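One structure below.
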Amino acid sequence: MVADATTAPRTAEREAGWRDIVAVIGSRVLERLRLVASVIRPLGWTVMALAVAAWITGMLLGWQEVATVGLVLAAVVVICALFLVGRTEYDVSLDLARTRVVVGERAIGALTLHNRGSHAILPSRVVLPVGAGRGEFSIQRLAPGAEAEELFAIPTQRRGVVEVGPVSVVRGDPLGLFERARHRDDPVNLYVHPKTTLFGGQSLGFLRDLEGLPAVDLSRDDVSFHALLEYQPGDDLRHVHWRSTARTGIMMVRQFEETRRSHFVIGLSTSPREYRSDDDFELAVSVAGSIGLRALRDSQRVDVRVQGRELATGTGKQLLDSLSMVEHSRARDGGVADLSGVLAAHMPLASVVALVCGSGVSTEELRLACSRVPFGARAVAVVVQGGLDQPELRRIGEAAVVRVGALDQLPVALQKVLA
């Protein structure tokens with residue numbers, strides 16, 4: 001009884017050990033089979049199926065001709081498989097002349113392959129994925145120490161981030177039955193920036209700051225002295241002007257001008273229902289980028305927000321990189337009015353809020369959006385409307401609303417706002 005109780009756990013352990021070994025071997029065999037299957041193209045599977053079917057049919061029915069066809073097809077499969085034998089150990093270098101271009105500019109790159117081995121490398125094919133497409137290059141036989149270079153150009157008709165690579169070196173047979181690909185090098189991101197325009201003009205809006213500029217607004221607590229006022233309950237006693245108080249017999253306190261610095265906030269609405277075409281949406285992105293670059297050149301603090309997230313705007317490069325990735329938002333994320341409310345909640349000290357949207361926004365929605373900007377901030381709304389010949393300016397309450405039909409109209413429109 002005791003012996004049986006001792007033997008049973010040992011037997012169970014041995015069986016568990018054998019199961020683990022079988023599982024490991026099985027997983028490795030399956031991995032090898034997957035590797036083998038991955039090099040067989042659909043035409044290869046078809047030819048192998050025909051070879052087996054022809055040979056079996058010929059043997060069962062005694063048709064020597066059909067059996068011979070099966071053997072010939074099998075020989076063709078074996079010969080084509082021999083083209084996979086050998087190594088393609090290229091040193092691959094993918095180099096883009098520029099990783100950041102503007103829409104419409106050509107991005108030029110070079111693909112360099114170097115055979116550092118001691119044996120020649122047979123002709124092969126190199127595949128370079130570019131976004132959703134791919135480019136193919138035929139590389140001839142490469143002797144030891146030899147180098148091959150292929151130049152290519154990437155079209156950039158659309159704004160976005162294009163992933164270039166990874167490079168794949170493909171070996172295959174002339175009939176296309178088998179194909180083996182080896183990935184080389186890492187992919188490179190190509191940023192296609194929106195078009196922007198340069199313009200001048202003075203800065204818009206300010207925020208209270210010790211190093212700022214005096215404004216027309218008066219305050220009882222700041223650093224830029226303006227005038228003297230009679231003391232009111234609640235005034236800071238540190239600001240009492242004792243010399244004037246002694247002369248007049250009435251307690252006088254200093255009054256200040258508010259000093260401010262610029263804090264520029266741009267709200268770019270990405271709601272698809274607000275834009276009548278994709279061109280209008282691209283124009284809105286370009287407008288937001290142009291305004292943001294101007295504010296950055298003025299050494300202002302710039303924040304840019306779209307539905308659902310805030311964009312990186314530390315430098316002009318970061319701003320344009322972020323705008324390259326902007327896409328339409330979902331309907332449930334709301335429109336420009338909702339975006340304006342988010343700006344007021346997250347950036348209450350903004351001095352200027354520039355709202356950029358499409359012509360599909362109604363006057364009521366635009367009025368609501370302008371009314372939601374942070375208290376004390378200057379509101380400017382830029383509405384893009386493709387086909388508009390001249391920029392238009394009007395006011396909704398205290399907010400300036402400009403309509404532009406092309407990017408080159410933006411400087412003129414903003415000059416009207418500043419006038």
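Order determines the names: the first chain of the structure tokens is A, the second B, and so forth; residues in each chain are numbered 1 upward, and ligands are numbered 1 upward as they are shown.
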Assign secondary structure with DSSP using the backbone only, and return the residues of segment 71-283 of chain A in strand (DSSP E or B) as an mmCIF file with N, CA and C atoms, in the first residue's frame.
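Generated file (states.cif):
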data_model
loop_
_atom_site.group_PDB
_atom_site.id
_atom_site.type_symbol
_atom_site.label_atom_id
_atom_site.label_comp_id
_atom_site.auth_asym_id
_atom_site.auth_seq_id
_atom_site.Cartn_x
_atom_site.Cartn_y
_atom_site.Cartn_z
ATOM 1 N N TYR A 90 23.515 40.871 -47.058
ATOM 2 C CA TYR A 90 23.885 42.248 -47.389
ATOM 3 C C TYR A 90 23.978 43.080 -46.109
ATOM 4 N N ASP A 91 24.851 44.069 -46.135
ATOM 5 C CA ASP A 91 24.785 45.168 -45.181
ATOM 6 C C ASP A 91 23.947 46.256 -45.845
ATOM 7 N N VAL A 92 22.770 46.505 -45.299
ATOM 8 C CA VAL A 92 21.822 47.418 -45.925
ATOM 9 C C VAL A 92 21.811 48.738 -45.171
ATOM 10 N N SER A 93 21.862 49.827 -45.912
ATOM 11 C CA SER A 93 21.807 51.174 -45.328
ATOM 12 C C SER A 93 20.720 51.971 -46.045
ATOM 13 N N LEU A 94 19.753 52.446 -45.279
ATOM 14 C CA LEU A 94 18.669 53.269 -45.818
ATOM 15 C C LEU A 94 18.878 54.699 -45.349
ATOM 16 N N ASP A 95 19.009 55.613 -46.288
ATOM 17 C CA ASP A 95 19.314 57.000 -45.947
ATOM 18 C C ASP A 95 18.364 57.932 -46.686
ATOM 19 N N LEU A 96 17.627 58.750 -45.922
ATOM 20 C CA LEU A 96 16.785 59.783 -46.511
ATOM 21 C C LEU A 96 17.514 61.116 -46.422
ATOM 22 N N ARG A 100 12.046 65.380 -43.072
ATOM 23 C CA ARG A 100 10.918 66.304 -42.932
ATOM 24 C C ARG A 100 10.822 67.142 -44.191
ATOM 25 N N VAL A 101 9.694 67.043 -44.858
ATOM 26 C CA VAL A 101 9.452 67.813 -46.076
ATOM 27 C C VAL A 101 8.067 68.440 -45.985
ATOM 28 N N VAL A 102 7.805 69.375 -46.873
ATOM 29 C CA VAL A 102 6.500 70.022 -46.964
ATOM 30 C C VAL A 102 5.694 69.340 -48.052
ATOM 31 N N ALA A 107 10.800 63.752 -51.643
ATOM 32 C CA ALA A 107 11.744 63.239 -50.647
ATOM 33 C C ALA A 107 12.677 62.246 -51.351
ATOM 34 N N ILE A 108 13.946 62.552 -51.342
ATOM 35 C CA ILE A 108 14.942 61.728 -52.029
ATOM 36 C C ILE A 108 15.648 60.851 -51.008
ATOM 37 N N GLY A 109 15.873 59.599 -51.374
ATOM 38 C CA GLY A 109 16.571 58.669 -50.490
ATOM 39 C C GLY A 109 17.518 57.777 -51.273
ATOM 40 N N ALA A 110 18.371 57.085 -50.559
ATOM 41 C CA ALA A 110 19.333 56.162 -51.170
ATOM 42 C C ALA A 110 19.334 54.854 -50.395
ATOM 43 N N LEU A 111 19.404 53.774 -51.141
ATOM 44 C CA LEU A 111 19.465 52.432 -50.565
ATOM 45 C C LEU A 111 20.797 51.824 -50.985
ATOM 46 N N THR A 112 21.643 51.526 -50.013
ATOM 47 C CA THR A 112 22.984 51.003 -50.288
ATOM 48 C C THR A 112 23.095 49.592 -49.753
ATOM 49 N N LEU A 113 23.579 48.671 -50.611
ATOM 50 C CA LEU A 113 23.775 47.275 -50.219
ATOM 51 C C LEU A 113 25.244 46.927 -50.436
ATOM 52 N N HIS A 114 25.865 46.348 -49.420
ATOM 53 C CA HIS A 114 27.285 46.044 -49.451
ATOM 54 C C HIS A 114 27.489 44.573 -49.110
ATOM 55 N N ASN A 115 28.224 43.869 -49.948
ATOM 56 C CA ASN A 115 28.545 42.455 -49.701
ATOM 57 C C ASN A 115 29.877 42.390 -48.969
ATOM 58 N N ILE A 121 27.155 37.076 -53.960
ATOM 59 C CA ILE A 121 25.734 36.921 -53.677
ATOM 60 C C ILE A 121 24.988 36.939 -54.999
ATOM 61 N N SER A 124 19.263 39.149 -56.627
ATOM 62 C CA SER A 124 18.132 39.119 -55.704
ATOM 63 C C SER A 124 17.272 40.352 -55.944
ATOM 64 N N ARG A 125 16.189 40.392 -55.216
ATOM 65 C CA ARG A 125 15.250 41.503 -55.333
ATOM 66 C C ARG A 125 15.106 42.150 -53.965
ATOM 67 N N VAL A 126 15.120 43.476 -53.931
ATOM 68 C CA VAL A 126 15.000 44.229 -52.686
ATOM 69 C C VAL A 126 13.659 44.957 -52.706
ATOM 70 N N VAL A 127 12.908 44.785 -51.642
ATOM 71 C CA VAL A 127 11.597 45.407 -51.511
ATOM 72 C C VAL A 127 11.681 46.472 -50.422
ATOM 73 N N LEU A 128 11.219 47.677 -50.748
ATOM 74 C CA LEU A 128 11.234 48.794 -49.808
ATOM 75 C C LEU A 128 9.798 49.278 -49.590
ATOM 76 N N PRO A 129 9.172 48.932 -48.460
ATOM 77 C CA PRO A 129 7.826 49.445 -48.186
ATOM 78 C C PRO A 129 7.859 50.951 -47.946
ATOM 79 N N VAL A 130 6.921 51.658 -48.566
ATOM 80 C CA VAL A 130 6.780 53.105 -48.388
ATOM 81 C C VAL A 130 5.317 53.380 -48.101
ATOM 82 N N GLY A 133 2.307 51.586 -49.945
ATOM 83 C CA GLY A 133 2.860 50.996 -51.157
ATOM 84 C C GLY A 133 4.243 50.415 -50.906
ATOM 85 N N ARG A 134 4.917 50.074 -51.997
ATOM 86 C CA ARG A 134 6.269 49.544 -51.874
ATOM 87 C C ARG A 134 6.997 49.701 -53.190
ATOM 88 N N GLY A 135 8.316 49.829 -53.079
ATOM 89 C CA GLY A 135 9.169 49.895 -54.249
ATOM 90 C C GLY A 135 10.027 48.658 -54.338
ATOM 91 N N GLU A 136 10.340 48.224 -55.564
ATOM 92 C CA GLU A 136 11.145 47.022 -55.785
ATOM 93 C C GLU A 136 12.368 47.373 -56.623
ATOM 94 N N PHE A 137 13.511 46.791 -56.240
ATOM 95 C CA PHE A 137 14.772 47.005 -56.933
ATOM 96 C C PHE A 137 15.395 45.641 -57.250
ATOM 97 N N SER A 138 15.884 45.492 -58.468
ATOM 98 C CA SER A 138 16.565 44.259 -58.871
ATOM 99 C C SER A 138 18.068 44.461 -58.687
ATOM 100 N N ILE A 139 18.659 43.653 -57.831
ATOM 101 C CA ILE A 139 20.091 43.744 -57.539
ATOM 102 C C ILE A 139 20.805 42.608 -58.274
ATOM 103 N N LEU A 142 26.436 40.282 -56.824
ATOM 104 C CA LEU A 142 27.312 41.198 -56.096
ATOM 105 C C LEU A 142 28.544 40.431 -55.628
ATOM 106 N N GLU A 147 29.596 46.867 -53.872
ATOM 107 C CA GLU A 147 28.522 47.686 -53.299
ATOM 108 C C GLU A 147 27.569 48.108 -54.404
ATOM 109 N N ALA A 148 26.296 48.131 -54.074
ATOM 110 C CA ALA A 148 25.271 48.586 -55.024
ATOM 111 C C ALA A 148 24.446 49.678 -54.361
ATOM 112 N N GLU A 149 24.107 50.694 -55.139
ATOM 113 C CA GLU A 149 23.330 51.810 -54.612
ATOM 114 C C GLU A 149 22.138 52.078 -55.519
ATOM 115 N N GLU A 150 20.989 52.262 -54.903
ATOM 116 C CA GLU A 150 19.761 52.570 -55.632
ATOM 117 C C GLU A 150 19.170 53.855 -55.052
ATOM 118 N N LEU A 151 18.880 54.814 -55.936
ATOM 119 C CA LEU A 151 18.243 56.066 -55.535
ATOM 120 C C LEU A 151 16.744 55.973 -55.781
ATOM 121 N N PHE A 152 15.973 56.640 -54.940
ATOM 122 C CA PHE A 152 14.524 56.619 -55.095
ATOM 123 C C PHE A 152 13.945 57.944 -54.622
ATOM 124 N N ALA A 153 12.766 58.235 -55.108
ATOM 125 C CA ALA A 153 12.035 59.461 -54.729
ATOM 126 C C ALA A 153 10.664 59.058 -54.209
ATOM 127 N N ILE A 154 10.237 59.703 -53.120
ATOM 128 C CA ILE A 154 8.954 59.403 -52.495
ATOM 129 C C ILE A 154 7.999 60.563 -52.770
ATOM 130 N N GLY A 160 1.181 63.910 -43.720
ATOM 131 C CA GLY A 160 1.120 62.711 -42.894
ATOM 132 C C GLY A 160 2.508 62.261 -42.478
ATOM 133 N N VAL A 161 2.565 61.088 -41.857
ATOM 134 C CA VAL A 161 3.827 60.460 -41.463
ATOM 135 C C VAL A 161 3.938 59.159 -42.241
ATOM 136 N N VAL A 162 4.943 59.074 -43.093
ATOM 137 C CA VAL A 162 5.137 57.916 -43.969
ATOM 138 C C VAL A 162 6.257 57.058 -43.391
ATOM 139 N N GLU A 163 5.951 55.791 -43.150
ATOM 140 C CA GLU A 163 6.974 54.869 -42.662
ATOM 141 C C GLU A 163 7.691 54.249 -43.856
ATOM 142 N N VAL A 164 8.989 54.457 -43.927
ATOM 143 C CA VAL A 164 9.813 53.944 -45.023
ATOM 144 C C VAL A 164 10.639 52.779 -44.480
ATOM 145 N N VAL A 167 13.666 47.401 -44.981
ATOM 146 C CA VAL A 167 14.079 46.836 -46.253
ATOM 147 C C VAL A 167 14.029 45.313 -46.174
ATOM 148 N N SER A 168 13.502 44.692 -47.215
ATOM 149 C CA SER A 168 13.444 43.229 -47.288
ATOM 150 C C SER A 168 14.235 42.760 -48.503
ATOM 151 N N VAL A 169 15.181 41.851 -48.290
ATOM 152 C CA VAL A 169 15.939 41.236 -49.374
ATOM 153 C C VAL A 169 15.240 39.937 -49.738
ATOM 154 N N VAL A 170 14.793 39.831 -50.976
ATOM 155 C CA VAL A 170 13.958 38.710 -51.419
ATOM 156 C C VAL A 170 14.754 37.824 -52.359
ATOM 157 N N ARG A 171 14.749 36.524 -52.058
ATOM 158 C CA ARG A 171 15.318 35.513 -52.948
ATOM 159 C C ARG A 171 14.184 34.647 -53.454
ATOM 160 N N GLY A 172 14.188 34.356 -54.742
ATOM 161 C CA GLY A 172 13.138 33.526 -55.303
ATOM 162 C C GLY A 172 13.573 32.879 -56.602
ATOM 163 N N PHE A 178 8.557 30.040 -55.200
ATOM 164 C CA PHE A 178 9.059 30.232 -53.841
ATOM 165 C C PHE A 178 9.611 31.653 -53.706
ATOM 166 N N GLU A 179 9.537 32.143 -52.484
ATOM 167 C CA GLU A 179 10.085 33.475 -52.210
ATOM 168 C C GLU A 179 10.468 33.555 -50.740
ATOM 169 N N ARG A 180 11.716 33.938 -50.489
ATOM 170 C CA ARG A 180 12.194 34.066 -49.118
ATOM 171 C C ARG A 180 12.643 35.504 -48.892
ATOM 172 N N ALA A 181 12.118 36.097 -47.838
ATOM 173 C CA ALA A 181 12.414 37.505 -47.543
ATOM 174 C C ALA A 181 13.113 37.611 -46.200
ATOM 175 N N ARG A 182 14.152 38.413 -46.160
ATOM 176 C CA ARG A 182 14.871 38.706 -44.921
ATOM 177 C C ARG A 182 14.849 40.213 -44.703
ATOM 178 N N HIS A 183 14.413 40.612 -43.524
ATOM 179 C CA HIS A 183 14.311 42.036 -43.210
ATOM 180 C C HIS A 183 15.668 42.573 -42.771
ATOM 181 N N ARG A 184 15.993 43.743 -43.280
ATOM 182 C CA ARG A 184 17.236 44.411 -42.937
ATOM 183 C C ARG A 184 16.932 45.856 -42.551
ATOM 184 N N VAL A 188 12.241 54.070 -41.167
ATOM 185 C CA VAL A 188 12.480 55.488 -40.931
ATOM 186 C C VAL A 188 11.169 56.228 -41.169
ATOM 187 N N ASN A 189 10.840 57.155 -40.280
ATOM 188 C CA ASN A 189 9.625 57.947 -40.427
ATOM 189 C C ASN A 189 9.925 59.208 -41.234
ATOM 190 N N LEU A 190 9.111 59.425 -42.254
ATOM 191 C CA LEU A 190 9.202 60.640 -43.061
ATOM 192 C C LEU A 190 8.004 61.521 -42.711
ATOM 193 N N TYR A 191 8.271 62.710 -42.160
ATOM 194 C CA TYR A 191 7.207 63.633 -41.781
ATOM 195 C C TYR A 191 6.912 64.563 -42.956
ATOM 196 N N VAL A 192 5.680 64.530 -43.408
ATOM 197 C CA VAL A 192 5.237 65.428 -44.475
ATOM 198 C C VAL A 192 4.453 66.557 -43.809
ATOM 199 N N HIS A 193 5.082 67.704 -43.687
ATOM 200 C CA HIS A 193 4.485 68.834 -42.966
ATOM 201 C C HIS A 193 3.442 69.548 -43.820
ATOM 202 N N LEU A 207 -0.533 87.993 -20.953
ATOM 203 C CA LEU A 207 -0.850 87.331 -19.692
ATOM 204 C C LEU A 207 -0.029 87.999 -18.595
ATOM 205 N N ARG A 208 -0.599 88.144 -17.416
ATOM 206 C CA ARG A 208 0.120 88.830 -16.339
ATOM 207 C C ARG A 208 1.434 88.141 -16.035
ATOM 208 N N ASP A 209 2.501 88.943 -15.963
ATOM 209 C CA ASP A 209 3.811 88.382 -15.676
ATOM 210 C C ASP A 209 4.749 89.520 -15.266
ATOM 211 N N LEU A 210 5.689 89.236 -14.382
ATOM 212 C CA LEU A 210 6.615 90.268 -13.896
ATOM 213 C C LEU A 210 7.472 90.833 -15.011
ATOM 214 N N GLU A 211 7.743 90.025 -16.043
ATOM 215 C CA GLU A 211 8.612 90.475 -17.112
ATOM 216 C C GLU A 211 7.826 90.906 -18.338
ATOM 217 N N GLY A 212 6.530 91.157 -18.164
ATOM 218 C CA GLY A 212 5.695 91.484 -19.301
ATOM 219 C C GLY A 212 5.706 92.964 -19.631
ATOM 220 N N LEU A 213 4.750 93.343 -20.494
ATOM 221 C CA LEU A 213 4.625 94.710 -20.951
ATOM 222 C C LEU A 213 3.390 95.348 -20.329
ATOM 223 N N PRO A 214 3.402 96.670 -20.064
ATOM 224 C CA PRO A 214 2.212 97.325 -19.496
ATOM 225 C C PRO A 214 1.033 97.253 -20.445
ATOM 226 N N ALA A 215 -0.157 97.086 -19.860
ATOM 227 C CA ALA A 215 -1.383 97.046 -20.646
ATOM 228 C C ALA A 215 -2.279 98.197 -20.207
ATOM 229 N N VAL A 216 -3.430 98.339 -20.891
ATOM 230 C CA VAL A 216 -4.338 99.431 -20.569
ATOM 231 C C VAL A 216 -5.199 99.090 -19.360
ATOM 232 N N ASP A 217 -5.273 97.827 -18.974
ATOM 233 C CA ASP A 217 -6.075 97.430 -17.823
ATOM 234 C C ASP A 217 -5.376 97.855 -16.545
ATOM 235 N N LEU A 218 -6.174 98.350 -15.594
ATOM 236 C CA LEU A 218 -5.627 98.817 -14.331
ATOM 237 C C LEU A 218 -5.833 97.772 -13.256
ATOM 238 N N SER A 219 -4.909 97.777 -12.289
ATOM 239 C CA SER A 219 -4.963 96.785 -11.227
ATOM 240 C C SER A 219 -4.466 97.424 -9.939
ATOM 241 N N SER A 224 3.839 97.699 -12.404
ATOM 242 C CA SER A 224 3.957 98.896 -13.227
ATOM 243 C C SER A 224 3.084 100.001 -12.634
ATOM 244 N N PHE A 225 3.696 101.013 -11.975
ATOM 245 C CA PHE A 225 2.956 102.069 -11.293
ATOM 246 C C PHE A 225 2.220 102.947 -12.311
ATOM 247 N N HIS A 226 0.968 103.304 -11.947
ATOM 248 C CA HIS A 226 0.169 104.121 -12.859
ATOM 249 C C HIS A 226 -0.300 105.421 -12.199
ATOM 250 N N ALA A 227 -0.948 105.347 -11.028
ATOM 251 C CA ALA A 227 -1.505 106.548 -10.396
ATOM 252 C C ALA A 227 -1.746 106.264 -8.920
ATOM 253 N N LEU A 228 -2.309 107.291 -8.217
ATOM 254 C CA LEU A 228 -2.658 107.153 -6.808
ATOM 255 C C LEU A 228 -4.172 107.207 -6.656
ATOM 256 N N LEU A 229 -4.670 106.380 -5.753
ATOM 257 C CA LEU A 229 -6.101 106.350 -5.471
ATOM 258 C C LEU A 229 -6.321 106.411 -3.968
ATOM 259 N N GLU A 230 -7.518 106.817 -3.593
ATOM 260 C CA GLU A 230 -7.869 106.827 -2.175
ATOM 261 C C GLU A 230 -8.013 105.387 -1.684
ATOM 262 N N VAL A 240 0.469 101.498 0.292
ATOM 263 C CA VAL A 240 0.125 102.862 0.745
ATOM 264 C C VAL A 240 1.276 103.819 0.409
ATOM 265 N N MET A 252 -3.629 107.334 0.800
ATOM 266 C CA MET A 252 -3.570 107.087 -0.639
ATOM 267 C C MET A 252 -2.792 105.799 -0.918
ATOM 268 N N VAL A 253 -3.235 105.059 -1.901
ATOM 269 C CA VAL A 253 -2.553 103.824 -2.298
ATOM 270 C C VAL A 253 -2.210 103.905 -3.784
ATOM 271 N N ARG A 254 -1.204 103.152 -4.144
ATOM 272 C CA ARG A 254 -0.765 103.136 -5.539
ATOM 273 C C ARG A 254 -1.727 102.289 -6.396
ATOM 274 N N GLN A 255 -1.932 102.739 -7.643
ATOM 275 C CA GLN A 255 -2.659 101.972 -8.639
ATOM 276 C C GLN A 255 -1.667 101.569 -9.731
ATOM 277 N N PHE A 256 -1.831 100.351 -10.263
ATOM 278 C CA PHE A 256 -0.858 99.805 -11.203
ATOM 279 C C PHE A 256 -1.518 99.477 -12.540
ATOM 280 N N GLU A 257 -0.673 99.443 -13.583
ATOM 281 C CA GLU A 257 -1.068 98.857 -14.859
ATOM 282 C C GLU A 257 -0.663 97.384 -14.834
ATOM 283 N N GLU A 258 -1.552 96.558 -15.327
ATOM 284 C CA GLU A 258 -1.224 95.137 -15.379
ATOM 285 C C GLU A 258 -0.112 94.893 -16.399
ATOM 286 N N THR A 259 0.859 94.121 -15.991
ATOM 287 C CA THR A 259 1.912 93.709 -16.920
ATOM 288 C C THR A 259 1.647 92.277 -17.341
ATOM 289 N N ARG A 260 1.846 92.028 -18.612
ATOM 290 C CA ARG A 260 1.439 90.731 -19.148
ATOM 291 C C ARG A 260 2.461 90.197 -20.136
ATOM 292 N N ARG A 261 2.398 88.890 -20.330
ATOM 293 C CA ARG A 261 3.186 88.262 -21.376
ATOM 294 C C ARG A 261 2.237 87.433 -22.235
ATOM 295 N N HIS A 263 0.425 84.477 -24.116
ATOM 296 C CA HIS A 263 0.120 83.052 -24.003
ATOM 297 C C HIS A 263 -0.886 82.742 -25.089
ATOM 298 N N PHE A 264 -0.388 82.185 -26.170
ATOM 299 C CA PHE A 264 -1.202 81.990 -27.361
ATOM 300 C C PHE A 264 -1.732 80.561 -27.366
ATOM 301 N N VAL A 265 -3.033 80.419 -27.483
ATOM 302 C CA VAL A 265 -3.680 79.110 -27.514
ATOM 303 C C VAL A 265 -4.415 78.971 -28.838
ATOM 304 N N ILE A 266 -4.175 77.862 -29.521
ATOM 305 C CA ILE A 266 -4.824 77.587 -30.807
ATOM 306 C C ILE A 266 -5.691 76.344 -30.652
ATOM 307 N N GLY A 267 -6.948 76.495 -30.984
ATOM 308 C CA GLY A 267 -7.862 75.362 -30.984
ATOM 309 C C GLY A 267 -8.211 74.988 -32.411
ATOM 310 N N LEU A 268 -7.709 73.856 -32.878
ATOM 311 C CA LEU A 268 -7.955 73.384 -34.248
ATOM 312 C C LEU A 268 -9.047 72.321 -34.199
#
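For the pair atom CA of Gly165 of chain A and atom CA of Ala132 of chain A, the separation is 10.9 Å.
Among the candidate residues A:Leu175, A:Ala143, A:Leu293, A:Ala54, the one lying nearest to His119 of chain A is A:Ala143, with distances computed using only C-alpha atoms.
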Residues of segment 242-318 of chain A at most 7 Å from segment 376-391 of chain A: nearest atom pair and distance in Å, only C-alpha atoms, as a Markdown table:
| residue | atom | partner | partner_atom | distance |
| --- | --- | --- | --- | --- |
| A:Asp280 | CA | A:Gly386 | CA | 5.8 |
| A:Leu283 | CA | A:Val384 | CA | 6.8 |
| A:Ala284 | CA | A:Val384 | CA | 6.1 |
Which neighbours of Ser286 of chain A fall inside 6 Å, counting only C-alpha atoms, when residues of the same chain fewer than 5 positions from it are skipped, and could you give them as JSON, numbers by chain?
{"A": [194, 195, 196]}
Restricted to C-alpha atoms, what would the selected residues look like written as a CSV table (one decimal), in the first residue's frame?
chain,number,residue,atom,x,y,z
A,194,PRO,CA,1.5,71.0,-43.9
A,195,LYS,CA,2.1,74.1,-46.0
A,196,THR,CA,2.6,77.3,-44.0
Tell me, which residues of segment 9-184 of chain A carry DSSP alpha helix (DSSP H), written as a VMD selection string?
chain A and resid 9 to 38 42 to 61 64 to 82
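Proximity to Ala49 of chain A at 10 Å, evaluated using only C-alpha atoms and with sequence-adjacent residues fewer than 4 positions away removed, yields Leu43, Gly44, Trp45, Ala53, Ala54, Gly70, Leu73 and Ala74 of chain A.
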File of the preceding selection, C-alpha atoms, as an mmCIF file, in the first residue's frame:
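This is the output file result.cif:
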data_model
loop_
_atom_site.group_PDB
_atom_site.id
_atom_site.type_symbol
_atom_site.label_atom_id
_atom_site.label_comp_id
_atom_site.auth_asym_id
_atom_site.auth_seq_id
_atom_site.Cartn_x
_atom_site.Cartn_y
_atom_site.Cartn_z
ATOM 1 C CA LEU A 43 1.516 29.295 -57.365
ATOM 2 C CA GLY A 44 3.935 26.939 -55.634
ATOM 3 C CA TRP A 45 1.126 25.308 -53.637
ATOM 4 C CA ALA A 53 -2.698 14.663 -58.065
ATOM 5 C CA ALA A 54 -1.219 13.782 -61.466
ATOM 6 C CA GLY A 70 3.384 14.573 -62.091
ATOM 7 C CA LEU A 73 6.112 18.976 -62.063
ATOM 8 C CA ALA A 74 7.785 17.573 -58.949
#
For Ile396 of chain A, please output as a list of chain:residue names all residues within 9 Å (counting only C-alpha atoms; exclusion window: fewer than 2 positions along the same chain).
A:Thr363, A:Leu366, A:Arg367, A:Cys370, A:Arg394, A:Glu398, A:Ala399, A:Ala400, A:Val401
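Taking atom CA of Val52 of chain A and atom CA of Ile25 of chain A as the two end points, the separation is 28.4 Å.
Note that atom CA of Arg372 of chain A and atom CA of Arg395 of chain A are 15.5 Å apart.
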